[in-house]
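**Q** Next comes upload.txt, compact mmCIF, C-alpha atoms:
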# COMPACT_ATOMS: atom_id res chain seq x y z
CA MET A 1 -135.43 -179.72 -17.96
CA ILE A 2 -134.00 -177.51 -15.26
CA PRO A 3 -135.79 -177.77 -11.88
CA VAL A 4 -137.72 -174.69 -10.77
CA LYS A 5 -139.22 -174.28 -7.31
CA LYS A 6 -142.52 -172.44 -7.02
CA GLU A 7 -142.11 -170.54 -3.75
CA GLY A 8 -145.77 -169.58 -3.66
CA ILE A 9 -147.81 -166.40 -3.30
CA ILE A 10 -146.00 -163.32 -1.95
CA LEU A 11 -148.75 -160.72 -2.14
CA GLU A 12 -152.52 -160.77 -2.59
CA LYS A 13 -155.14 -158.10 -3.12
CA THR A 14 -156.73 -156.41 -0.11
CA VAL A 15 -159.98 -154.60 0.63
CA LEU A 16 -158.25 -151.26 0.10
CA GLY A 17 -159.85 -149.36 -2.74
CA PHE A 18 -156.77 -149.00 -4.90
CA GLU A 19 -155.96 -152.73 -4.93
CA ASN A 20 -159.22 -154.57 -4.32
CA GLU A 21 -159.26 -156.20 -7.77
CA GLY A 22 -155.71 -157.46 -7.95
CA VAL A 23 -151.99 -157.00 -7.34
CA LEU A 24 -149.58 -158.21 -10.00
CA ASN A 25 -146.51 -157.75 -12.18
CA PRO A 26 -144.05 -156.07 -9.78
CA ALA A 27 -140.87 -154.14 -10.44
CA VAL A 28 -138.26 -155.52 -8.04
CA ILE A 29 -134.91 -154.21 -6.86
CA SER A 30 -132.56 -154.74 -3.88
CA SER A 31 -131.37 -151.65 -2.01
CA GLY A 32 -130.38 -150.83 1.56
CA GLY A 33 -130.71 -154.39 2.79
CA PHE A 34 -134.30 -154.75 1.58
CA ILE A 35 -136.07 -155.95 -1.53
CA HIS A 36 -138.42 -153.30 -2.88
CA LEU A 37 -141.54 -154.25 -4.83
CA PHE A 38 -143.38 -151.67 -6.91
CA TYR A 39 -146.43 -153.50 -8.09
CA ARG A 40 -149.43 -152.92 -10.29
CA ALA A 41 -152.45 -152.40 -8.06
CA VAL A 42 -155.87 -152.69 -9.72
CA SER A 43 -159.10 -151.17 -8.47
CA LYS A 44 -162.63 -151.71 -9.71
CA GLY A 45 -163.11 -150.64 -13.30
CA ASN A 46 -159.57 -151.79 -14.16
CA TYR A 47 -157.84 -148.63 -13.00
CA SER A 48 -154.20 -149.29 -12.13
CA SER A 49 -151.73 -147.49 -9.89
CA ILE A 50 -148.35 -148.47 -8.44
CA GLY A 51 -148.37 -149.94 -4.94
CA TYR A 52 -145.32 -150.51 -2.77
CA CYS A 53 -144.10 -153.08 -0.30
CA LYS A 54 -140.72 -153.97 1.18
CA LEU A 55 -139.38 -157.46 1.80
CA ASP A 56 -136.79 -158.29 4.47
CA THR A 57 -136.08 -161.67 2.83
CA ALA A 58 -136.80 -162.86 -0.66
CA LEU A 59 -140.14 -164.26 0.48
CA SER A 60 -141.16 -162.25 3.54
CA VAL A 61 -143.06 -158.94 3.50
CA ALA A 62 -141.81 -156.47 6.12
CA GLU A 63 -143.82 -153.39 5.21
CA ARG A 64 -146.68 -152.56 2.86
CA HIS A 65 -148.15 -149.16 2.06
CA GLU A 66 -151.89 -148.65 2.37
CA SER A 67 -152.05 -146.16 -0.49
CA PRO A 68 -150.48 -146.09 -3.93
CA LEU A 69 -146.94 -144.79 -4.29
CA LEU A 70 -147.63 -143.57 -7.82
CA PHE A 71 -150.99 -142.94 -9.45
CA PRO A 72 -152.32 -141.47 -12.71
CA GLN A 73 -151.87 -137.72 -12.95
CA PHE A 74 -151.77 -137.00 -16.68
CA ASP A 75 -154.06 -137.65 -19.63
CA TYR A 76 -151.69 -140.20 -21.16
CA GLU A 77 -152.04 -142.43 -18.07
CA SER A 78 -155.56 -141.51 -17.04
CA ARG A 79 -156.81 -145.11 -16.94
CA GLY A 80 -153.75 -146.62 -15.37
CA MET A 81 -150.07 -147.13 -14.69
CA GLU A 82 -149.41 -150.78 -15.44
CA ASP A 83 -146.66 -153.42 -15.21
CA PRO A 84 -143.65 -151.47 -13.88
CA ARG A 85 -140.01 -152.55 -14.22
CA ILE A 86 -137.04 -150.98 -12.48
CA THR A 87 -133.29 -150.68 -13.01
CA LEU A 88 -130.50 -148.60 -11.46
CA ILE A 89 -128.23 -146.85 -13.96
CA ASP A 90 -125.47 -144.42 -12.97
CA GLY A 91 -127.07 -143.75 -9.57
CA LEU A 92 -130.54 -143.08 -10.98
CA TYR A 93 -133.50 -145.46 -10.71
CA TYR A 94 -135.43 -145.90 -13.94
CA MET A 95 -138.99 -147.15 -13.53
CA THR A 96 -140.76 -147.90 -16.77
CA TYR A 97 -144.46 -148.69 -16.95
CA THR A 98 -147.31 -148.90 -19.42
CA ALA A 99 -149.34 -145.72 -19.49
CA TYR A 100 -152.94 -146.47 -20.45
CA ASP A 101 -155.45 -143.76 -21.32
CA GLY A 102 -158.35 -146.07 -22.08
CA ILE A 103 -157.45 -146.17 -25.78
CA ASN A 104 -153.68 -146.41 -26.11
CA ALA A 105 -151.09 -148.34 -24.11
CA LEU A 106 -147.57 -146.92 -24.37
CA GLY A 107 -144.31 -147.21 -22.46
CA ALA A 108 -143.57 -144.35 -20.06
CA LEU A 109 -140.75 -143.53 -17.64
CA ALA A 110 -140.33 -142.16 -14.12
CA VAL A 111 -136.97 -141.62 -12.40
CA SER A 112 -135.82 -141.35 -8.79
CA LYS A 113 -132.64 -141.00 -6.75
CA ASP A 114 -134.06 -142.55 -3.58
CA LEU A 115 -136.98 -144.85 -4.52
CA VAL A 116 -139.31 -142.45 -2.68
CA SER A 117 -139.66 -139.29 -4.78
CA TRP A 118 -140.34 -139.89 -8.46
CA GLU A 119 -140.27 -137.59 -11.47
CA LYS A 120 -142.44 -138.63 -14.39
CA LEU A 121 -140.74 -138.02 -17.73
CA GLY A 122 -143.72 -139.06 -19.83
CA ILE A 123 -144.11 -141.44 -22.73
CA ILE A 124 -140.85 -142.59 -24.31
CA ALA A 125 -142.39 -145.11 -26.72
CA PRO A 126 -143.16 -143.97 -30.27
CA MET A 127 -146.48 -142.19 -30.72
CA ILE A 128 -147.25 -143.43 -34.18
CA THR A 129 -150.31 -144.87 -35.91
CA TYR A 130 -150.26 -148.43 -37.18
CA THR A 131 -150.73 -147.14 -40.73
CA GLU A 132 -147.56 -145.06 -40.49
CA PHE A 133 -145.70 -147.86 -38.71
CA SER A 134 -146.69 -150.33 -41.44
CA ARG A 135 -145.68 -147.95 -44.21
CA LEU A 136 -142.26 -147.40 -42.67
CA ALA A 137 -141.55 -150.99 -41.62
CA GLU A 138 -142.58 -152.48 -44.94
CA SER A 139 -140.75 -149.95 -47.09
CA LYS A 140 -137.56 -152.05 -47.10
CA ALA A 141 -138.75 -155.54 -46.17
CA ILE A 142 -141.92 -157.53 -45.71
CA ILE A 143 -142.62 -157.76 -42.01
CA ASN A 144 -144.10 -160.73 -40.18
CA GLU A 145 -147.84 -160.83 -40.89
CA LYS A 146 -148.45 -161.07 -37.14
CA TYR A 147 -147.51 -157.38 -36.87
CA LEU A 148 -150.61 -156.66 -38.93
CA ARG A 149 -152.80 -159.11 -37.03
CA TYR A 150 -151.88 -157.82 -33.58
CA ASN A 151 -151.66 -154.09 -34.26
CA GLU A 152 -154.22 -153.02 -36.82
CA HIS A 153 -156.99 -152.31 -34.26
CA ARG A 154 -159.57 -154.00 -36.50
CA HIS A 155 -159.01 -151.24 -39.06
CA ILE A 156 -160.40 -148.66 -36.60
CA LYS A 157 -158.37 -145.47 -36.67
CA GLU A 158 -160.18 -143.45 -34.02
CA ASN A 159 -162.02 -144.22 -30.82
CA GLU A 160 -163.82 -141.70 -28.63
CA GLY A 161 -162.50 -139.01 -30.95
CA ARG A 162 -158.87 -139.97 -30.32
CA THR A 163 -156.35 -141.49 -32.71
CA LEU A 164 -155.46 -145.12 -32.06
CA LEU A 165 -151.71 -145.53 -31.87
CA LEU A 166 -149.38 -148.49 -32.20
CA TRP A 167 -149.24 -150.17 -28.80
CA ASP A 168 -145.66 -150.39 -27.54
CA LYS A 169 -145.27 -151.98 -24.10
CA ASN A 170 -142.75 -153.78 -21.88
CA ILE A 171 -140.04 -151.13 -22.01
CA ILE A 172 -137.17 -152.44 -19.88
CA PHE A 173 -133.77 -150.77 -19.44
CA PHE A 174 -130.50 -152.65 -19.20
CA PRO A 175 -128.88 -152.01 -15.79
CA ARG A 176 -125.86 -150.26 -17.27
CA ARG A 177 -124.80 -148.54 -20.45
CA VAL A 178 -123.66 -150.87 -23.21
CA ASN A 179 -120.96 -149.40 -25.44
CA ASP A 180 -121.67 -146.05 -23.74
CA LYS A 181 -125.34 -146.15 -24.77
CA LEU A 182 -128.56 -146.40 -22.82
CA CYS A 183 -130.27 -149.55 -24.02
CA PHE A 184 -133.80 -150.74 -23.50
CA LEU A 185 -136.01 -153.52 -24.74
CA HIS A 186 -139.55 -152.86 -25.89
CA ARG A 187 -142.29 -154.84 -27.55
CA VAL A 188 -144.38 -154.25 -30.61
CA ARG A 189 -146.14 -157.60 -30.99
CA PRO A 190 -145.10 -160.27 -31.76
CA ASP A 191 -141.34 -159.73 -31.20
CA ILE A 192 -138.96 -158.09 -28.70
CA GLN A 193 -137.01 -155.13 -30.09
CA ILE A 194 -134.10 -153.08 -28.75
CA VAL A 195 -133.20 -149.39 -28.71
CA ALA A 196 -129.75 -147.88 -28.04
CA VAL A 197 -129.31 -144.11 -27.61
CA ASN A 198 -126.83 -141.70 -26.10
CA ASN A 199 -129.61 -140.00 -24.14
CA LEU A 200 -133.39 -139.99 -23.99
CA GLN A 201 -133.60 -136.67 -25.83
CA GLU A 202 -132.78 -138.59 -29.00
CA LEU A 203 -136.17 -140.31 -28.93
CA THR A 204 -137.79 -137.86 -31.34
CA THR A 205 -140.34 -138.45 -34.09
CA ASP A 206 -137.50 -138.50 -36.62
CA PHE A 207 -135.66 -141.10 -34.55
CA TRP A 208 -138.64 -143.45 -34.47
CA GLN A 209 -139.40 -143.00 -38.14
CA ASN A 210 -135.84 -144.00 -39.02
CA TYR A 211 -135.99 -146.81 -36.46
CA PHE A 212 -139.03 -148.39 -38.07
CA LEU A 213 -137.48 -148.05 -41.50
CA HIS A 214 -134.90 -150.54 -40.17
CA LEU A 215 -137.16 -152.59 -37.92
CA GLU A 216 -135.72 -155.95 -38.96
CA GLU A 217 -132.32 -154.87 -37.66
CA CYS A 218 -133.78 -154.03 -34.23
CA ILE A 219 -135.46 -157.34 -33.40
CA VAL A 220 -133.77 -159.16 -30.52
CA LEU A 221 -136.02 -162.20 -30.18
CA ALA A 222 -138.92 -163.53 -32.23
CA PRO A 223 -141.29 -166.38 -31.34
CA LYS A 224 -139.66 -169.70 -32.07
CA TYR A 225 -140.96 -172.56 -29.93
CA LYS A 226 -144.43 -173.92 -29.28
CA HIS A 227 -144.83 -172.31 -25.86
CA GLU A 228 -144.15 -168.84 -27.36
CA VAL A 229 -145.59 -169.27 -30.82
CA SER A 230 -148.22 -166.51 -30.55
CA TYR A 231 -146.00 -163.70 -29.30
CA ILE A 232 -143.31 -162.84 -26.76
CA GLY A 233 -142.44 -159.82 -24.63
CA GLY A 234 -139.91 -158.56 -22.14
CA GLY A 235 -140.06 -159.78 -18.56
CA CYS A 236 -137.40 -159.00 -15.95
CA PRO A 237 -134.60 -156.48 -16.53
CA PRO A 238 -131.59 -158.22 -18.13
CA ILE A 239 -129.14 -159.74 -15.66
CA GLU A 240 -125.43 -159.45 -16.44
CA THR A 241 -123.52 -162.75 -16.20
CA GLU A 242 -120.13 -163.91 -17.43
CA HIS A 243 -121.88 -165.77 -20.25
CA GLY A 244 -124.10 -162.94 -21.42
CA TRP A 245 -127.21 -161.00 -20.51
CA LEU A 246 -129.70 -163.38 -18.94
CA LEU A 247 -133.17 -162.44 -20.11
CA ILE A 248 -136.25 -163.81 -18.39
CA TYR A 249 -139.13 -162.97 -20.73
CA HIS A 250 -142.71 -164.08 -21.27
CA GLY A 251 -143.93 -166.32 -24.04
CA VAL A 252 -147.55 -166.72 -25.10
CA HIS A 253 -149.34 -169.48 -26.97
CA ASP A 254 -152.98 -169.79 -27.91
CA THR A 255 -155.18 -172.69 -26.85
CA VAL A 256 -158.88 -173.51 -27.12
CA LYS A 257 -159.20 -172.00 -23.62
CA GLY A 258 -157.35 -168.81 -24.51
CA TYR A 259 -153.79 -167.57 -24.21
CA VAL A 260 -151.29 -169.22 -21.85
CA TYR A 261 -148.48 -167.01 -20.50
CA THR A 262 -145.20 -168.69 -19.49
CA ALA A 263 -141.80 -167.57 -18.19
CA CYS A 264 -138.96 -168.15 -20.64
CA ALA A 265 -135.18 -167.67 -20.65
CA ALA A 266 -132.55 -166.58 -23.16
CA LEU A 267 -128.96 -165.27 -23.26
CA LEU A 268 -127.93 -162.16 -25.18
CA ASP A 269 -124.40 -161.10 -26.09
CA LEU A 270 -122.82 -158.76 -23.52
CA GLN A 271 -121.35 -156.33 -26.04
CA ASN A 272 -124.08 -156.67 -28.64
CA PRO A 273 -127.32 -157.49 -26.84
CA GLN A 274 -129.20 -157.51 -30.12
CA GLN A 275 -127.47 -160.85 -30.73
CA GLU A 276 -129.11 -163.94 -29.25
CA ILE A 277 -126.66 -166.48 -27.85
CA ALA A 278 -128.97 -169.13 -26.46
CA ARG A 279 -132.59 -169.84 -25.60
CA LEU A 280 -134.37 -172.56 -23.67
CA PRO A 281 -136.45 -174.68 -26.08
CA TYR A 282 -139.09 -175.07 -23.39
CA ALA A 283 -140.76 -172.75 -20.88
CA LEU A 284 -138.75 -172.14 -17.72
CA PHE A 285 -142.03 -172.38 -15.83
CA LYS A 286 -145.72 -172.26 -16.69
CA PRO A 287 -149.12 -172.08 -14.96
CA GLU A 288 -149.75 -175.23 -12.97
CA PHE A 289 -151.19 -174.30 -9.57
CA GLU A 290 -154.70 -173.04 -8.90
CA TRP A 291 -153.45 -169.53 -8.17
CA GLU A 292 -151.81 -169.40 -11.62
CA LEU A 293 -154.60 -171.16 -13.50
CA LYS A 294 -157.57 -169.20 -12.12
CA GLY A 295 -157.82 -165.47 -11.58
CA GLU A 296 -158.64 -162.20 -13.29
CA VAL A 297 -157.00 -163.69 -16.37
CA ASN A 298 -156.54 -167.45 -16.31
CA ASN A 299 -153.33 -169.33 -17.15
CA VAL A 300 -150.79 -166.56 -16.53
CA CYS A 301 -147.22 -166.56 -15.24
CA PHE A 302 -145.91 -163.09 -16.13
CA PRO A 303 -142.33 -162.44 -14.87
CA THR A 304 -141.35 -158.83 -14.26
CA GLY A 305 -138.63 -158.74 -11.59
CA ALA A 306 -135.74 -160.84 -10.29
CA ILE A 307 -133.04 -160.78 -7.65
CA ILE A 308 -129.99 -162.94 -7.01
CA GLU A 309 -129.01 -164.28 -3.59
CA GLY A 310 -125.91 -166.44 -3.79
CA ASP A 311 -126.56 -168.90 -6.58
CA LYS A 312 -130.33 -168.62 -6.31
CA LEU A 313 -132.34 -166.56 -8.76
CA TYR A 314 -135.71 -165.45 -7.42
CA ILE A 315 -138.22 -164.54 -10.13
CA TYR A 316 -141.28 -162.51 -9.16
CA TYR A 317 -144.31 -162.75 -11.39
CA GLY A 318 -147.96 -161.95 -11.78
CA ALA A 319 -150.07 -165.08 -11.26
CA ALA A 320 -153.38 -165.14 -13.15
CA ASP A 321 -153.33 -161.31 -13.19
CA GLU A 322 -154.54 -161.25 -9.59
CA ARG A 323 -151.66 -161.98 -7.21
CA ILE A 324 -147.86 -161.87 -7.00
CA ALA A 325 -145.87 -165.07 -6.68
CA CYS A 326 -142.22 -166.11 -6.73
CA ALA A 327 -140.25 -168.95 -8.27
CA SER A 328 -136.59 -169.81 -7.69
CA VAL A 329 -133.93 -171.57 -9.71
CA SER A 330 -130.20 -172.17 -9.49
CA LEU A 331 -128.52 -169.44 -11.52
CA SER A 332 -125.52 -171.60 -12.42
CA GLU A 333 -127.74 -174.50 -13.50
CA LEU A 334 -129.89 -172.19 -15.61
CA LEU A 335 -126.86 -170.73 -17.37
CA GLN A 336 -125.45 -174.21 -17.92
CA GLU A 337 -128.74 -175.34 -19.44
CA LEU A 338 -128.88 -172.31 -21.69
CA LEU A 339 -125.37 -172.96 -22.95
CA LEU A 340 -126.52 -176.41 -24.01
CA ASN A 341 -129.02 -174.67 -26.27
CA THR A 342 -126.91 -172.08 -28.04
CA LYS A 343 -128.17 -170.56 -31.25
CA LYS A 344 -125.41 -172.14 -33.34
CA ASP A 345 -126.64 -175.56 -32.16
CA ASP A 346 -130.12 -174.97 -33.58
CA LYS A 347 -131.20 -177.57 -36.11
Just give me the structure of the file as structure tokens.
**A**
Amino acid sequence: MIPVKKEGIILEKTVLGFENEGVLNPAVISSGGFIHLFYRAVSKGNYSSIGYCKLDTALSVAERHESPLLFPQFDYESRGMEDPRITLIDGLYYMTYTAYDGINALGALAVSKDLVSWEKLGIIAPMITYTEFSRLAESKAIINEKYLRYNEHRHIKENEGRTLLLWDKNIIFFPRRVNDKLCFLHRVRPDIQIVAVNNLQELTTDFWQNYFLHLEECIVLAPKYKHEVSYIGGGCPPIETEHGWLLIYHGVHDTVKGYVYTACAALLDLQNPQQEIARLPYALFKPEFEWELKGEVNNVCFPTGAIIEGDKLYIYYGAADERIACASVSLSELLQELLLNTKKDDK
């Protein structure tokens, strides 16, 4: 197994009202000689906004705002902006997050040219009921029964007078166009799927209906090993390497004490990122320290951002849904280990 160093806690909650329940799951990007963290800040009642801090080294906080950078403004995000991820594409920063209205949790997008002023573009995930999703996805093939188990909302179709929609979270853009297309990962449990479009205006109702008619063709990764047997989801934005797109994602398995969230690693083909090249057969790292084992949600390592310094890959993650921590690993050693576990070598 490849050695991973737990660097420890980077950020903890404060007494400030917007983040007095927890800080977690940061979007991370390097720019202007600093590392910028846009993190989920949770206040009492589980209301989330996006906080901001700046690091002058991978592990040292230089500046931290005392108010949220982004906060709910529209009905679709009225109960929170959760779990942001960030990429830079063609000079524009794309920050995706989960917009939660108290009933539905759907991927949304904000964009910026300077990391300061942000324009919210709204929900880009499909706004579709599970019934319609199931009808479309099963029209050509039988889908994994876990799609039913995780998405049927206990057969409830409305709550508080509002329609319950298919939850679609963990939208994460690739950091450049692939074959001239904008590509992003998303997650309808239990798998990770991919979308490729010329522009975001293509994401219409008709697009998503046709997409779900061909759902099997859009699945990038499905649960495979014990540590991810329940479901998986996107983690950090894909990292381009000579061997493929390095994907740090999260895997979940159920235990008698509840779900355990781990950080996992895979390689996707550079030209066809829908194609899996390799995957670690074990978790890259898992909850082991008190600050990962005990918190708002126990047993959670939830990776959402990464940076590279030399040969070292720093992975930032939510620890027990209450604090932000960092782990590091040799990038070359990780890639070497992945290449020892290529898909064609599967038994």
**Q** For range 78-177 of chain A against range 56-72 of chain A, with a cut-off of 7 Å and counting only C-alpha atoms, what is the closest atom pair and its distance in Å to one decimal for every residue that makes the cut, ordered by chain and number, as a tab-separated table?
**A**
residue	atom	partner	partner_atom	distance
A:Ser78	CA	A:Pro72	CA	5.4
A:Gly80	CA	A:Pro72	CA	6.0
A:Met81	CA	A:Pro72	CA	6.4
**Q** May I have the residues at most 12 Å from (-142.5, -148.5, -44.3) in the file's coordinates, counting only C-alpha atoms, as a PyMOL selection string?
**A** chain A and resi 130-143+208-216
**Q** Output C-alpha atoms for every residue in the selection just made, as a PDB file, keeping the file's coordinate frame.
**A**
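out-v6.pdb was written with the following content:
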ATOM      1  CA  TYR A 130    -150.260-148.430 -37.180  1.00  0.00           C
ATOM      2  CA  THR A 131    -150.730-147.140 -40.730  1.00  0.00           C
ATOM      3  CA  GLU A 132    -147.560-145.060 -40.490  1.00  0.00           C
ATOM      4  CA  PHE A 133    -145.700-147.860 -38.710  1.00  0.00           C
ATOM      5  CA  SER A 134    -146.690-150.330 -41.440  1.00  0.00           C
ATOM      6  CA  ARG A 135    -145.680-147.950 -44.210  1.00  0.00           C
ATOM      7  CA  LEU A 136    -142.260-147.400 -42.670  1.00  0.00           C
ATOM      8  CA  ALA A 137    -141.550-150.990 -41.620  1.00  0.00           C
ATOM      9  CA  GLU A 138    -142.580-152.480 -44.940  1.00  0.00           C
ATOM     10  CA  SER A 139    -140.750-149.950 -47.090  1.00  0.00           C
ATOM     11  CA  LYS A 140    -137.560-152.050 -47.100  1.00  0.00           C
ATOM     12  CA  ALA A 141    -138.750-155.540 -46.170  1.00  0.00           C
ATOM     13  CA  ILE A 142    -141.920-157.530 -45.710  1.00  0.00           C
ATOM     14  CA  ILE A 143    -142.620-157.760 -42.010  1.00  0.00           C
ATOM     15  CA  TRP A 208    -138.640-143.450 -34.470  1.00  0.00           C
ATOM     16  CA  GLN A 209    -139.400-143.000 -38.140  1.00  0.00           C
ATOM     17  CA  ASN A 210    -135.840-144.000 -39.020  1.00  0.00           C
ATOM     18  CA  TYR A 211    -135.990-146.810 -36.460  1.00  0.00           C
ATOM     19  CA  PHE A 212    -139.030-148.390 -38.070  1.00  0.00           C
ATOM     20  CA  LEU A 213    -137.480-148.050 -41.500  1.00  0.00           C
ATOM     21  CA  HIS A 214    -134.900-150.540 -40.170  1.00  0.00           C
ATOM     22  CA  LEU A 215    -137.160-152.590 -37.920  1.00  0.00           C
ATOM     23  CA  GLU A 216    -135.720-155.950 -38.960  1.00  0.00           C
TER      24      GLU A 216
END
**Q** As an exercise, work out the distance from CA of Ser332 in chain A to CA of Lys312 in chain A in Å and give it to one decimal place.
**A** 8.3 Å
**Q** Can you tell me, as a ChimeraX atom specification, what residues are no more than 9 Å from range 326-330 of chain A when counting all atoms listed in the file, ignoring any on the same chain fewer than 4 positions away?
**A** /A:2-10,58-59,285,303,311-318,334-335
**Q** May I have the residues from that selection written out with C-alpha atoms, as a PDB file, in the coordinates of the input?
**A**
ATOM      1  CA  ILE A   2    -134.000-177.510 -15.260  1.00  0.00           C
ATOM      2  CA  PRO A   3    -135.790-177.770 -11.880  1.00  0.00           C
ATOM      3  CA  VAL A   4    -137.720-174.690 -10.770  1.00  0.00           C
ATOM      4  CA  LYS A   5    -139.220-174.280  -7.310  1.00  0.00           C
ATOM      5  CA  LYS A   6    -142.520-172.440  -7.020  1.00  0.00           C
ATOM      6  CA  GLU A   7    -142.110-170.540  -3.750  1.00  0.00           C
ATOM      7  CA  GLY A   8    -145.770-169.580  -3.660  1.00  0.00           C
ATOM      8  CA  ILE A   9    -147.810-166.400  -3.300  1.00  0.00           C
ATOM      9  CA  ILE A  10    -146.000-163.320  -1.950  1.00  0.00           C
ATOM     10  CA  ALA A  58    -136.800-162.860  -0.660  1.00  0.00           C
ATOM     11  CA  LEU A  59    -140.140-164.260   0.480  1.00  0.00           C
ATOM     12  CA  PHE A 285    -142.030-172.380 -15.830  1.00  0.00           C
ATOM     13  CA  PRO A 303    -142.330-162.440 -14.870  1.00  0.00           C
ATOM     14  CA  ASP A 311    -126.560-168.900  -6.580  1.00  0.00           C
ATOM     15  CA  LYS A 312    -130.330-168.620  -6.310  1.00  0.00           C
ATOM     16  CA  LEU A 313    -132.340-166.560  -8.760  1.00  0.00           C
ATOM     17  CA  TYR A 314    -135.710-165.450  -7.420  1.00  0.00           C
ATOM     18  CA  ILE A 315    -138.220-164.540 -10.130  1.00  0.00           C
ATOM     19  CA  TYR A 316    -141.280-162.510  -9.160  1.00  0.00           C
ATOM     20  CA  TYR A 317    -144.310-162.750 -11.390  1.00  0.00           C
ATOM     21  CA  GLY A 318    -147.960-161.950 -11.780  1.00  0.00           C
ATOM     22  CA  LEU A 334    -129.890-172.190 -15.610  1.00  0.00           C
ATOM     23  CA  LEU A 335    -126.860-170.730 -17.370  1.00  0.00           C
TER      24      LEU A 335
END
**Q** Give me the residues near Gly107 in chain A as a ChimeraX atom specification, where near means some atom within 10 Å (using all atoms listed in the file) and where sequence neighbours in that chain fewer than 2 positions away do not count.
**A** /A:81-84,96-100,105,109,122-127,167-172,186-187
**Q** Would you write out those residues with C-alpha atoms, as an mmCIF file, in the frame of the given file?
**A**
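Below you can see selection-v7.cif, which holds the result:
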data_model
loop_
_atom_site.group_PDB
_atom_site.id
_atom_site.type_symbol
_atom_site.label_atom_id
_atom_site.label_comp_id
_atom_site.auth_asym_id
_atom_site.auth_seq_id
_atom_site.Cartn_x
_atom_site.Cartn_y
_atom_site.Cartn_z
ATOM 1 C CA MET A 81 -150.070 -147.130 -14.690
ATOM 2 C CA GLU A 82 -149.410 -150.780 -15.440
ATOM 3 C CA ASP A 83 -146.660 -153.420 -15.210
ATOM 4 C CA PRO A 84 -143.650 -151.470 -13.880
ATOM 5 C CA THR A 96 -140.760 -147.900 -16.770
ATOM 6 C CA TYR A 97 -144.460 -148.690 -16.950
ATOM 7 C CA THR A 98 -147.310 -148.900 -19.420
ATOM 8 C CA ALA A 99 -149.340 -145.720 -19.490
ATOM 9 C CA TYR A 100 -152.940 -146.470 -20.450
ATOM 10 C CA ALA A 105 -151.090 -148.340 -24.110
ATOM 11 C CA LEU A 109 -140.750 -143.530 -17.640
ATOM 12 C CA GLY A 122 -143.720 -139.060 -19.830
ATOM 13 C CA ILE A 123 -144.110 -141.440 -22.730
ATOM 14 C CA ILE A 124 -140.850 -142.590 -24.310
ATOM 15 C CA ALA A 125 -142.390 -145.110 -26.720
ATOM 16 C CA PRO A 126 -143.160 -143.970 -30.270
ATOM 17 C CA MET A 127 -146.480 -142.190 -30.720
ATOM 18 C CA TRP A 167 -149.240 -150.170 -28.800
ATOM 19 C CA ASP A 168 -145.660 -150.390 -27.540
ATOM 20 C CA LYS A 169 -145.270 -151.980 -24.100
ATOM 21 C CA ASN A 170 -142.750 -153.780 -21.880
ATOM 22 C CA ILE A 171 -140.040 -151.130 -22.010
ATOM 23 C CA ILE A 172 -137.170 -152.440 -19.880
ATOM 24 C CA HIS A 186 -139.550 -152.860 -25.890
ATOM 25 C CA ARG A 187 -142.290 -154.840 -27.550
#
**Q** Any idea what the distance is between CA of Phe302 in chain A and CA of Cys236 in chain A?
**A**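 If I compute the distance from CA of Phe302 in chain A to CA of Cys236 in chain A, I get 9.4 Å.
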**Q** How far is it from CA of Asp321 in chain A to CA of Val300 in chain A, in Å with one decimal?
**A** 6.7 Å
**Q** Nearest to Ile194 in chain A: which of A:Gly251, A:Pro273, A:Gly161, A:Gly235 is it, counting all atoms listed in the file?
**A**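 Among A:Gly251, A:Pro273, A:Gly161, A:Gly235, it is A:Pro273 that comes nearest to Ile194 in chain A.
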**Q** Applying 8 Å and all atoms listed in the file, which residues near Glu19 in chain A remain after dropping the ones on its own chain fewer than 6 positions away? List them as a tab-separated table (two decimals) with C-alpha atoms, keeping the file's coordinate frame.
**A**
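File written: result01.tsv
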chain	number	residue	atom	x	y	z
A	13	LYS	CA	-155.14	-158.10	-3.12
A	41	ALA	CA	-152.45	-152.40	-8.06
A	42	VAL	CA	-155.87	-152.69	-9.72
A	43	SER	CA	-159.10	-151.17	-8.47
**Q** Which residue out of A:Glu276, A:Glu292, A:Asp191, A:Glu158 has the minimum interatomic distance to Ile103 in chain A when only C-alpha atoms are used?
**A**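 Of A:Glu276, A:Glu292, A:Asp191, A:Glu158, the one nearest Ile103 in chain A is A:Glu158, counting only C-alpha atoms.
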**Q** Which is closest to Glu202 in chain A among A:Lys181, A:His227, A:Phe38, A:Gly22, if we use all atoms listed in the file?
**A**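 Closest residue, counting all atoms listed in the file: A:Lys181.
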**Q** Point out the residue among A:Tyr150, A:Asn46, A:Ile86, A:Glu228 with the least atom-to-atom distance to Thr255 in chain A, counting all atoms listed in the file.
**A**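 Nearest to Thr255 in chain A: A:Glu228.
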**Q** Under the rule that all atoms listed in the file are counted, which of A:Asn199, A:Asn341, A:Asn104, A:Ser230 is the nearest residue to Asn144 in chain A?
**A**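 So, comparing all the options, the nearest one is A:Ser230.
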**Q** Using all atoms listed in the file, give me every residue within 7 Å of (-152.2, -144.5, -33.6) in file coordinates, as a PyMOL selection string.
**A** chain A and resi 127-130+157+163-166
**Q** With all atoms listed in the file as the basis for distance, which of A:Ala263, A:Val256, A:Leu293, A:Leu115 is at the shortest distance from Ile232 in chain A?
**A**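 Checking each candidate against Ile232 in chain A, we get A:Ala263 as the closest.
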**Q** At a cut-off of 6 Å, using all atoms listed in the file, what residues contact His36 in chain A? Leave out same-chain residues fewer than 4 positions from it and give the result as a ChimeraX atom specification.
**A** /A:28-29,54
